[in-house]
file coords37.txt (compact mmCIF, C-alpha atoms and all ligand atoms)
# COMPACT_ATOMS: atom_id res chain seq x y z
CA MET T 1 -35.99 156.71 221.23
CA THR T 2 -37.03 160.30 220.51
CA ILE T 3 -40.14 161.08 218.50
CA LYS T 4 -39.66 164.60 217.26
CA PHE T 5 -42.57 167.00 216.93
CA LEU T 6 -41.02 168.47 213.79
CA ASP T 7 -37.94 167.40 211.81
CA LEU T 8 -37.31 169.70 208.88
CA ALA T 9 -33.69 168.55 208.50
CA LYS T 10 -34.87 165.01 207.73
CA GLN T 11 -37.45 166.26 205.21
CA HIS T 12 -34.92 168.55 203.51
CA LYS T 13 -32.28 165.84 203.28
CA GLN T 14 -34.62 163.80 201.07
CA ILE T 15 -34.85 166.61 198.50
CA ALA T 16 -31.46 168.25 199.10
CA ASP T 17 -30.42 167.81 195.45
CA GLN T 18 -33.56 169.56 194.20
CA LEU T 19 -33.11 172.43 196.68
CA SER T 20 -29.48 172.78 195.60
CA VAL T 21 -30.44 172.98 191.92
CA ALA T 22 -32.95 175.72 192.75
CA PHE T 23 -30.32 177.62 194.73
CA VAL T 24 -27.69 177.37 191.98
CA ARG T 25 -30.20 178.61 189.37
CA LEU T 26 -31.02 181.56 191.60
CA LEU T 27 -27.33 182.42 192.02
CA GLU T 28 -26.81 182.25 188.27
CA ASP T 29 -29.52 184.76 187.38
CA SER T 30 -29.43 186.58 190.76
CA ALA T 31 -33.10 187.56 190.52
CA PHE T 32 -33.61 188.13 194.24
CA ILE T 33 -36.56 190.55 194.30
CA ASN T 34 -39.56 189.81 192.04
CA GLY T 35 -38.40 188.30 188.77
CA PRO T 36 -38.89 184.86 187.19
CA HIS T 37 -38.61 182.65 190.31
CA VAL T 38 -41.38 184.58 192.03
CA SER T 39 -43.71 184.59 189.03
CA GLU T 40 -43.06 180.89 188.36
CA PHE T 41 -43.97 179.97 191.91
CA GLU T 42 -47.01 182.27 191.93
CA ALA T 43 -48.36 180.61 188.77
CA ALA T 44 -47.73 177.10 190.12
CA PHE T 45 -49.31 177.86 193.49
CA ALA T 46 -52.39 179.52 191.95
CA ALA T 47 -52.84 176.42 189.79
CA TYR T 48 -52.48 174.20 192.85
CA VAL T 49 -55.10 176.11 194.86
CA GLY T 50 -57.35 176.62 191.84
CA THR T 51 -57.47 180.42 191.77
CA ARG T 52 -56.74 182.85 188.94
CA ASN T 53 -54.14 184.81 190.90
CA CYS T 54 -51.42 184.39 193.49
CA VAL T 55 -49.38 187.25 194.94
CA GLY T 56 -46.25 186.32 196.91
CA VAL T 57 -45.65 188.41 200.04
CA GLY T 58 -43.19 188.53 202.93
CA ASN T 59 -45.08 186.30 205.40
CA GLY T 60 -48.52 184.93 206.25
CA THR T 61 -49.35 187.74 208.67
CA ASP T 62 -48.67 190.46 206.09
CA ALA T 63 -50.74 188.43 203.62
CA ILE T 64 -53.83 188.85 205.85
CA THR T 65 -53.18 192.55 206.53
CA ILE T 66 -52.61 193.36 202.86
CA ALA T 67 -55.67 191.37 201.78
CA ILE T 68 -57.90 193.25 204.22
CA GLU T 69 -56.42 196.61 203.17
CA ALA T 70 -57.11 195.72 199.55
CA LEU T 71 -60.72 194.71 200.29
CA ASN T 72 -61.60 197.41 202.76
CA GLY T 73 -59.33 200.38 202.09
CA LYS T 74 -58.79 202.36 205.25
CA ALA T 75 -62.49 202.20 206.08
CA GLY T 76 -62.14 200.41 209.44
CA GLY T 77 -65.06 198.37 210.73
CA GLU T 78 -65.29 195.04 212.49
CA VAL T 79 -63.89 191.71 211.35
CA ILE T 80 -65.09 188.49 213.00
CA VAL T 81 -62.18 186.18 213.90
CA PRO T 82 -62.22 182.74 215.60
CA ALA T 83 -61.28 182.74 219.29
CA ASN T 84 -58.87 179.85 218.75
CA SER T 85 -56.03 180.55 216.35
CA PHE T 86 -52.48 181.88 216.28
CA ILE T 87 -52.40 185.61 217.13
CA ALA T 88 -51.44 186.47 213.53
CA SER T 89 -55.08 185.95 212.47
CA SER T 90 -56.38 188.71 214.74
CA GLU T 91 -53.27 190.90 214.89
CA ALA T 92 -53.38 191.34 211.11
CA VAL T 93 -56.97 192.60 211.33
CA THR T 94 -55.86 195.34 213.73
CA SER T 95 -52.85 196.17 211.54
CA ALA T 96 -55.27 196.71 208.64
CA GLY T 97 -57.12 199.32 210.70
CA CYS T 98 -60.13 197.15 211.62
CA ARG T 99 -61.51 196.08 214.99
CA VAL T 100 -61.25 192.44 216.05
CA VAL T 101 -64.50 190.74 217.14
CA PHE T 102 -63.94 187.22 218.44
CA ALA T 103 -66.49 184.49 217.79
CA ASP T 104 -66.33 181.14 219.53
CA VAL T 105 -65.25 177.94 217.82
CA SER T 106 -67.30 174.76 217.73
CA PRO T 107 -66.25 171.53 219.53
CA ASP T 108 -67.23 169.70 216.31
CA SER T 109 -64.54 171.36 214.21
CA TYR T 110 -62.45 173.79 216.30
CA ASN T 111 -63.44 176.24 213.56
CA LEU T 112 -65.88 179.19 213.65
CA ASP T 113 -69.22 178.35 215.29
CA ILE T 114 -71.74 179.73 212.78
CA VAL T 115 -74.41 180.32 215.44
CA ASP T 116 -72.03 182.51 217.44
CA VAL T 117 -70.80 184.27 214.29
CA VAL T 118 -74.38 185.28 213.38
CA GLN T 119 -74.88 186.79 216.83
CA ARG T 120 -71.75 188.89 216.46
CA ILE T 121 -72.64 190.47 213.13
CA SER T 122 -73.38 194.19 213.64
CA PRO T 123 -73.92 197.15 211.31
CA ALA T 124 -70.15 197.78 211.66
CA THR T 125 -69.12 194.30 210.49
CA VAL T 126 -67.19 194.35 207.22
CA GLY T 127 -65.91 190.79 206.98
CA ILE T 128 -65.35 187.32 208.37
CA LEU T 129 -61.90 185.78 208.69
CA ALA T 130 -62.19 181.98 208.71
CA VAL T 131 -59.18 179.92 209.81
CA HIS T 132 -58.91 176.29 208.72
CA LEU T 133 -57.46 175.50 212.09
CA TYR T 134 -54.99 172.63 212.41
CA GLY T 135 -55.71 171.90 208.70
CA ASN T 136 -59.40 171.03 209.14
CA PRO T 137 -61.44 172.89 206.51
CA ALA T 138 -64.06 175.32 207.86
CA ASN T 139 -67.66 175.08 206.61
CA LEU T 140 -67.09 177.36 203.65
CA SER T 141 -70.52 177.09 202.05
CA GLU T 142 -72.32 178.32 205.20
CA LEU T 143 -69.77 181.09 205.67
CA ARG T 144 -70.02 182.10 201.99
CA ALA T 145 -73.84 182.27 202.21
CA LEU T 146 -73.67 184.30 205.42
CA CYS T 147 -71.18 186.76 203.91
CA ASP T 148 -73.26 187.13 200.74
CA LYS T 149 -76.43 187.74 202.79
CA HIS T 150 -74.82 190.53 204.85
CA SER T 151 -72.48 191.90 202.13
CA LEU T 152 -69.35 190.95 204.05
CA PHE T 153 -66.03 189.81 202.69
CA LEU T 154 -64.86 186.27 203.39
CA LEU T 155 -61.15 185.82 203.98
CA GLU T 156 -59.77 182.29 204.39
CA ASP T 157 -56.64 182.08 206.54
CA CYS T 158 -55.14 178.90 205.07
CA ALA T 159 -51.81 179.13 206.94
CA GLN T 160 -52.36 175.67 208.47
CA ALA T 161 -54.24 174.10 205.59
CA HIS T 162 -52.07 173.69 202.46
CA GLY T 163 -53.50 170.59 200.83
CA ALA T 164 -56.84 170.56 202.69
CA SER T 165 -60.02 170.58 200.63
CA PHE T 166 -63.70 171.36 201.03
CA GLU T 167 -66.30 169.75 198.77
CA GLY T 168 -63.62 168.59 196.36
CA ARG T 169 -61.74 171.89 196.01
CA HIS T 170 -58.58 172.98 197.74
CA VAL T 171 -59.18 175.53 200.47
CA GLY T 172 -58.46 179.08 199.38
CA ALA T 173 -60.75 179.18 196.36
CA VAL T 174 -64.08 180.05 198.05
CA GLY T 175 -63.14 183.20 199.95
CA ASP T 176 -63.05 186.59 198.23
CA VAL T 177 -59.40 186.38 199.10
CA SER T 178 -57.33 183.77 200.93
CA THR T 179 -53.93 183.79 202.53
CA PHE T 180 -51.14 181.27 203.09
CA SER T 181 -47.98 181.25 205.17
CA PHE T 182 -44.77 179.51 204.12
CA TYR T 183 -43.21 179.70 207.57
CA PRO T 184 -40.75 176.74 207.62
CA GLY T 185 -42.88 174.48 209.83
CA LYS T 186 -46.12 174.79 207.81
CA ASN T 187 -47.28 171.98 205.49
CA LEU T 188 -45.50 173.86 202.69
CA GLY T 189 -42.70 175.94 204.15
CA GLY T 190 -39.78 177.94 202.81
CA LEU T 191 -36.32 178.12 204.29
CA GLY T 192 -37.30 181.36 205.95
CA ASP T 193 -40.40 183.58 206.00
CA GLY T 194 -42.85 183.78 203.12
CA GLY T 195 -46.55 184.13 202.37
CA ALA T 196 -49.10 184.36 199.59
CA ILE T 197 -52.46 185.90 198.78
CA VAL T 198 -54.73 184.05 196.33
CA THR T 199 -57.93 185.30 194.70
CA ASN T 200 -60.06 184.96 191.59
CA ASP T 201 -60.53 188.74 191.50
CA ASP T 202 -57.92 190.20 189.11
CA ALA T 203 -58.37 193.80 190.27
CA LEU T 204 -58.04 192.77 193.91
CA ALA T 205 -54.85 190.82 193.12
CA ARG T 206 -53.38 193.89 191.38
CA LYS T 207 -54.22 196.00 194.41
CA CYS T 208 -52.61 193.49 196.80
CA ARG T 209 -49.48 193.46 194.64
CA MET T 210 -49.29 197.26 194.75
CA ILE T 211 -49.84 197.39 198.53
CA ALA T 212 -47.04 194.85 199.00
CA ASN T 213 -44.71 196.86 196.77
CA HIS T 214 -44.78 200.56 197.82
CA GLY T 215 -48.02 201.37 195.94
CA ARG T 216 -45.85 201.09 192.87
CA ILE T 217 -46.98 201.65 189.27
CA SER T 218 -43.49 201.63 187.76
CA LYS T 219 -39.97 201.86 189.20
CA TYR T 220 -40.25 205.34 190.75
CA ASP T 221 -43.94 206.07 190.21
CA HIS T 222 -46.25 205.37 193.15
CA LEU T 223 -50.03 205.68 193.30
CA PHE T 224 -50.27 205.59 197.11
CA GLU T 225 -48.17 204.99 200.22
CA ALA T 226 -48.11 201.36 201.22
CA ARG T 227 -45.43 198.95 202.42
CA ASN T 228 -42.68 196.57 201.40
CA SER T 229 -43.65 192.92 201.83
CA ARG T 230 -42.48 190.70 198.99
CA LEU T 231 -41.75 187.00 198.63
CA ASP T 232 -37.98 186.62 198.11
CA GLY T 233 -36.82 185.10 194.82
CA LEU T 234 -34.79 182.68 196.94
CA GLN T 235 -37.83 181.47 198.88
CA ALA T 236 -39.91 181.29 195.70
CA ALA T 237 -37.30 179.09 193.98
CA LEU T 238 -37.09 176.78 197.00
CA LEU T 239 -40.89 176.65 197.32
CA SER T 240 -41.19 175.73 193.62
CA ALA T 241 -38.87 172.79 194.31
CA LYS T 242 -41.00 171.73 197.29
CA LEU T 243 -44.50 172.21 195.87
CA PRO T 244 -44.50 168.99 193.77
CA HIS T 245 -43.99 167.06 197.03
CA LEU T 246 -46.83 168.72 198.94
CA ASP T 247 -49.58 166.17 198.22
CA LYS T 248 -47.27 163.28 199.12
CA TRP T 249 -46.33 165.01 202.39
CA VAL T 250 -49.95 165.74 203.27
CA GLY T 251 -50.76 162.11 202.39
CA ALA T 252 -48.09 160.99 204.86
CA ARG T 253 -49.69 163.21 207.51
CA ARG T 254 -53.06 161.54 206.85
CA VAL T 255 -51.54 158.07 207.28
CA ILE T 256 -50.12 159.09 210.67
CA ALA T 257 -53.48 160.65 211.63
CA SER T 258 -55.48 157.55 210.75
CA THR T 259 -53.02 155.38 212.69
CA TYR T 260 -53.61 157.61 215.70
CA ASP T 261 -57.39 157.65 215.15
CA ASN T 262 -57.61 153.87 214.98
CA LEU T 263 -55.67 153.33 218.18
CA LEU T 264 -56.87 156.29 220.25
CA GLN T 265 -60.60 156.36 219.57
CA PRO T 266 -61.37 152.88 220.98
CA ALA T 267 -59.52 153.92 224.15
CA GLY T 268 -61.88 156.86 224.61
CA VAL T 269 -59.40 159.60 223.67
CA GLN T 270 -61.00 162.68 222.07
CA ILE T 271 -59.52 162.52 218.54
CA PRO T 272 -59.50 165.56 216.19
CA PRO T 273 -62.84 166.36 214.56
CA THR T 274 -62.80 166.29 210.76
CA ASN T 275 -65.17 168.09 208.45
CA PRO T 276 -67.25 165.34 206.74
CA ARG T 277 -67.48 167.53 203.62
CA GLY T 278 -63.76 167.98 203.29
CA THR T 279 -60.34 166.48 203.79
CA HIS T 280 -58.13 167.45 206.72
CA ALA T 281 -54.50 168.40 205.96
CA TYR T 282 -53.36 167.55 209.52
CA HIS T 283 -50.91 170.39 209.99
CA LEU T 284 -51.47 169.48 213.64
CA TYR T 285 -53.01 166.43 215.30
CA VAL T 286 -54.75 167.80 218.37
CA ILE T 287 -56.40 165.58 220.98
CA ARG T 288 -58.35 166.79 224.00
CA TYR T 289 -57.72 165.36 227.44
CA ALA T 290 -58.68 166.72 230.87
CA ASP T 291 -55.33 165.92 232.51
CA ARG T 292 -53.37 167.29 229.56
CA ASP T 293 -50.30 168.52 231.44
CA ARG T 294 -49.64 165.19 233.14
CA LEU T 295 -50.15 163.32 229.87
CA ALA T 296 -47.67 165.65 228.13
CA ALA T 297 -45.13 165.10 230.94
CA TRP T 298 -45.59 161.29 230.70
CA LEU T 299 -45.04 161.38 226.94
CA GLY T 300 -42.00 163.61 227.44
CA GLU T 301 -40.47 160.99 229.73
CA LYS T 302 -40.90 158.44 226.93
CA GLY T 303 -39.04 160.72 224.50
CA ILE T 304 -42.21 161.88 222.73
CA GLU T 305 -42.31 165.61 221.96
CA THR T 306 -45.70 167.32 222.06
CA GLY T 307 -47.03 170.86 221.62
CA ILE T 308 -49.99 172.96 222.75
CA HIS T 309 -51.96 174.93 220.16
CA TYR T 310 -52.79 177.15 221.85
CA PRO T 311 -52.29 177.37 225.61
CA ILE T 312 -54.26 180.64 225.86
CA ALA T 313 -57.27 181.37 223.65
CA LEU T 314 -56.96 184.68 221.79
CA PRO T 315 -59.64 186.65 223.74
CA ALA T 316 -57.96 185.62 227.03
CA LEU T 317 -54.57 187.06 226.00
CA ALA T 318 -53.33 190.22 227.69
CA ALA T 319 -53.05 191.63 224.16
CA TYR T 320 -56.88 191.66 223.91
CA ARG T 321 -57.74 192.98 227.34
CA TYR T 322 -58.53 196.27 225.61
CA LEU T 323 -61.59 194.71 223.98
CA GLY T 324 -63.24 194.45 227.41
CA GLU T 325 -65.43 191.57 226.22
CA PRO T 326 -66.38 188.64 228.47
CA TYR T 327 -64.85 185.44 227.17
CA GLU T 328 -64.84 182.99 230.10
CA HIS T 329 -67.91 181.20 228.75
CA MET T 330 -66.25 180.39 225.42
CA PHE T 331 -65.52 176.81 224.40
CA ALA T 332 -62.21 178.05 222.93
CA VAL T 333 -61.13 179.25 226.39
CA ARG T 334 -62.04 175.98 228.13
CA ALA T 335 -60.49 173.84 225.38
CA ALA T 336 -57.16 175.66 225.74
CA ALA T 337 -56.56 173.81 229.03
CA GLN T 338 -57.14 170.41 227.40
CA VAL T 339 -55.66 170.45 223.89
CA LEU T 340 -52.48 168.50 223.20
CA SER T 341 -50.76 168.24 219.81
CA LEU T 342 -49.12 164.89 219.09
CA PRO T 343 -46.18 164.64 216.68
CA ILE T 344 -47.26 164.48 213.05
CA GLY T 345 -45.51 165.02 209.74
CA PRO T 346 -43.74 163.31 206.87
CA HIS T 347 -40.74 162.70 209.13
CA LEU T 348 -42.65 160.00 211.03
CA GLU T 349 -43.16 156.32 210.25
CA VAL T 350 -46.35 154.42 211.04
CA ASP T 351 -44.44 152.56 213.75
CA ASP T 352 -43.59 155.90 215.40
CA ALA T 353 -47.30 156.76 215.47
CA ARG T 354 -48.12 153.32 216.94
CA PHE T 355 -45.55 153.89 219.68
CA VAL T 356 -46.97 157.35 220.49
CA ALA T 357 -50.57 156.13 220.51
CA THR T 358 -49.70 153.12 222.66
CA GLU T 359 -48.14 155.39 225.27
CA VAL T 360 -51.14 157.75 225.22
CA VAL T 361 -53.52 154.82 225.68
CA ARG T 362 -51.39 153.38 228.46
CA PHE T 363 -51.49 156.67 230.38
CA VAL T 364 -55.22 157.10 229.84
CA GLN T 365 -56.01 153.56 231.01
CA CYS T 366 -53.87 153.89 234.14
CA ASN T 367 -55.61 157.15 235.03
CA GLN T 368 -59.25 156.27 234.57
C1 LIG T 401 -48.56 180.68 210.92
C2 LIG T 401 -49.87 181.33 210.90
C3 LIG T 401 -50.06 182.63 210.41
C4 LIG T 401 -48.92 183.59 210.14
O1 LIG T 401 -47.97 183.22 209.29
P1 LIG T 401 -46.50 183.88 209.33
O2 LIG T 401 -45.97 183.49 208.00
O3 LIG T 401 -45.77 183.25 210.46
O4 LIG T 401 -46.65 185.34 209.48
C5 LIG T 401 -51.34 183.13 210.28
N1 LIG T 401 -52.40 182.39 210.65
C6 LIG T 401 -52.27 181.16 211.17
C7 LIG T 401 -53.50 180.41 211.54
C8 LIG T 401 -51.00 180.58 211.32
O5 LIG T 401 -50.89 179.36 211.85
call {"tool": "encode", "arguments": {"input": "coords37.txt", "output": "structure tokens", "more": "lines below"}}
Ligand SMILES: *Cc1c(COP(=O)(O)O)cnc(C)c1O
result
Amino acid sequence: MTIKFLDLAKQHKQIADQLSVAFVRLLEDSAFINGPHVSEFEAAFAAYVGTRNCVGVGNGTDAITIAIEALNGKAGGEVIVPANSFIASSEAVTSAGCRVVFADVSPDSYNLDIVDVVQRISPATVGILAVHLYGNPANLSELRALCDKHSLFLLEDCAQAHGASFEGRHVGAVGDVSTFSFYPGKNLGGLGDGGAIVTNDDALARKCRMIANHGRISKYDHLFEARNSRLDGLQAALLSAKLPHLDKWVGARRVIASTYDNLLQPAGVQIPPTNPRGTHAYHLYVIRYADRDRLAAWLGEKGIETGIHYPIALPALAAYRYLGEPYEHMFAVRAAAQVLSLPIGPHLEVDDARFVATEVVRFVQCNQ
């Protein structure tokens, strides 16, 4: 038996007819760049998140860069970023002409540790980029209050959190601007790259749209130099076909997660923290275990695929040596040696999760 970490083919097979209809419609009107498929998806996704605007862009990394450019112009300054995330979160800050300042994450959430964030605010700070890592919503009310107090922008990187909510609202609606990725493996993924920027600020949305489309006012009239980063009509049409299934898919992730929780916690395994004021979207189910590598190898022998998110914390990457900041003391750096992502997703049955958890518990009990 093989328990796959991700199985998009299985998920797509279940909705193959709906994806085909979307594809045929796109071929018929051949609206590949901008056009009705993009605006339809943007409206549907804005309604889902609960924001006034959605701007489709080329990918989730560009979404962050464009959002920061729209908020901050070319003014530079420092943006505080969590030390545990995918490199896109910090890389995009640099691409937007700002300086990355890493803050540690908390063991209670794997998200930004507010106490450390406060210590890293300087006169040069312009904003805070909060990642809802693994799908667990960050403490948005504290972050919002902190940003308001210091006149900073709050950007939510929701790339792992489609379907997560905080205090009854979907993530993405509290930040000045929020970004999503539709990379195929995300909770809502296209059949290729894609991303979106959401905001309640109409002027900011217009600016993002112009930055993503050559600073364009009309076909050959441009207000400023910018870039080309648009959501394809093809991806938009496919995403529109998938969006109605998102809540059901996230629900299936939660069922797998609670099966794991119920079996792993009594055995003393460090299960994923969840924000008590929100609901986790379980893009990833990440446990912490001291002898992680041997556990992963054991599971591999049983046919269970696992992942590591992430094996090296961002400040410890060679890419950030230039910052010259000490990072060895960070929880994010220590946790990187212990985190292990178990398979999760709508492709799994509860029995699959029971099998995985049973093998984890067996290993842990034999190695106490
Ligand atoms: C996937 C991801 C991104 C980047 O998305 P792309 O669409 O791959 O560019 C950004 N931030 C986080 C936290 C991600 O997981």
call {"tool": "atom_distance", "arguments": {"input": "coords37.txt", "atom1": "atom CA of T:Asp261", "atom2": "atom CA of T:Gln365"}}
result
16.4 Å
call {"tool": "closest_residue", "arguments": {"input": "coords37.txt", "among": "T:Leu231, T:Leu140, T:Cys98, T:Ala205", "to": "ligand LIG 401 (chain T)", "atoms": "only C-alpha atoms and all ligand atoms"}}
result
T:Leu231
call {"tool": "residues_around", "arguments": {"input": "coords37.txt", "residues": "stretch 121-135 of chain T", "least_positions_apart": "4", "cutoff": "7 Å", "atoms": "only C-alpha atoms", "output": "JSON, numbers by chain"}}
result
{"T": [77, 78, 79, 80, 81, 82, 85, 110, 111, 112, 117, 152, 153, 154, 155, 156, 157, 158, 160, 161, 164, 280, 281, 282, 283, 284]}
call {"tool": "residues_near_ligand", "arguments": {"input": "coords37.txt", "ligand": "ligand LIG 401 (chain T)", "cutoff": "10 Å", "atoms": "all atoms listed in the file", "output": "PyMOL selection string"}}
result
chain T and resi 57-64+82+84-92+130-135+156-161+179-186+189-190+192-196+283+309
call {"tool": "atom_distance", "arguments": {"input": "coords37.txt", "atom1": "atom CA of T:Ala46", "atom2": "atom CA of T:Gly175"}}
result
13.9 Å
call {"tool": "axis_aligned_box", "arguments": {"input": "coords37.txt", "around": "stretch 112-126 of chain T", "padding_each_side": "5 Å", "output": "JSON"}}
result
{"center_x": -70.4, "center_y": 188.1, "center_z": 212.3, "size_x": 19.0, "size_y": 29.4, "size_z": 20.2}
call {"tool": "closest_residue", "arguments": {"input": "coords37.txt", "among": "T:Val364, T:Leu264, T:Ala335, T:Leu317", "to": "T:Pro107", "atoms": "all atoms listed in the file"}}
result
T:Ala335
call {"tool": "closest_residue", "arguments": {"input": "coords37.txt", "among": "T:Arg362, T:Lys149, T:Arg209, T:Arg99", "to": "T:Lys74", "atoms": "all atoms listed in the file"}}
result
T:Arg99
call {"tool": "residues_around", "arguments": {"input": "coords37.txt", "residues": "T:Leu204", "least_positions_apart": "5", "cutoff": "9 Å", "atoms": "all atoms listed in the file", "output": "list in words"}}
result
Ala67, Ala70, Leu71, Val177, Thr199 and Arg209 of chain T
call {"tool": "atom_distance", "arguments": {"input": "coords37.txt", "atom1": "atom CA of T:Phe32", "atom2": "atom CA of T:Asp201"}}
result
27.1 Å
call {"tool": "closest_residue", "arguments": {"input": "coords37.txt", "among": "T:Phe363, T:Tyr320, T:Trp249, T:Phe41", "to": "T:Gln14", "atoms": "only C-alpha atoms"}}
result
T:Trp249
call {"tool": "residues_near_point", "arguments": {"input": "coords37.txt", "point": "(-62.2, 187.6, 222.8)", "cutoff": "12 Å", "atoms": "all atoms listed in the file", "output": "count of residues only"}}
result
38
call {"tool": "closest_residue", "arguments": {"input": "coords37.txt", "among": "T:Gly233, T:Gln338, T:Cys366, T:Pro276", "to": "T:Pro36", "atoms": "all atoms listed in the file"}}
result
T:Gly233
call {"tool": "closest_residue", "arguments": {"input": "coords37.txt", "among": "T:Ser109, T:Thr94, T:Ser39, T:Thr279", "to": "T:Gly163", "atoms": "all atoms listed in the file"}}
result
T:Thr279
call {"tool": "residues_around", "arguments": {"input": "coords37.txt", "residues": "T:Val350", "least_positions_apart": "4", "cutoff": "7 Å", "atoms": "all atoms listed in the file", "output": "ChimeraX atom specification"}}
result
/T:256,259,354
call {"tool": "residues_near_point", "arguments": {"input": "coords37.txt", "point": "(-33.1, 160.4, 220.0)", "cutoff": "10 Å", "atoms": "all atoms listed in the file", "output": "PDB file with C-alpha atoms, in the coordinates of the input"}}
result
ATOM      1  CA  MET T   1     -35.990 156.710 221.230  1.00  0.00           C
ATOM      2  CA  THR T   2     -37.030 160.300 220.510  1.00  0.00           C
ATOM      3  CA  ILE T   3     -40.140 161.080 218.500  1.00  0.00           C
ATOM      4  CA  LYS T   4     -39.660 164.600 217.260  1.00  0.00           C
ATOM      5  CA  GLY T 303     -39.040 160.720 224.500  1.00  0.00           C
ATOM      6  CA  ILE T 304     -42.210 161.880 222.730  1.00  0.00           C
TER       7      ILE T 304
END
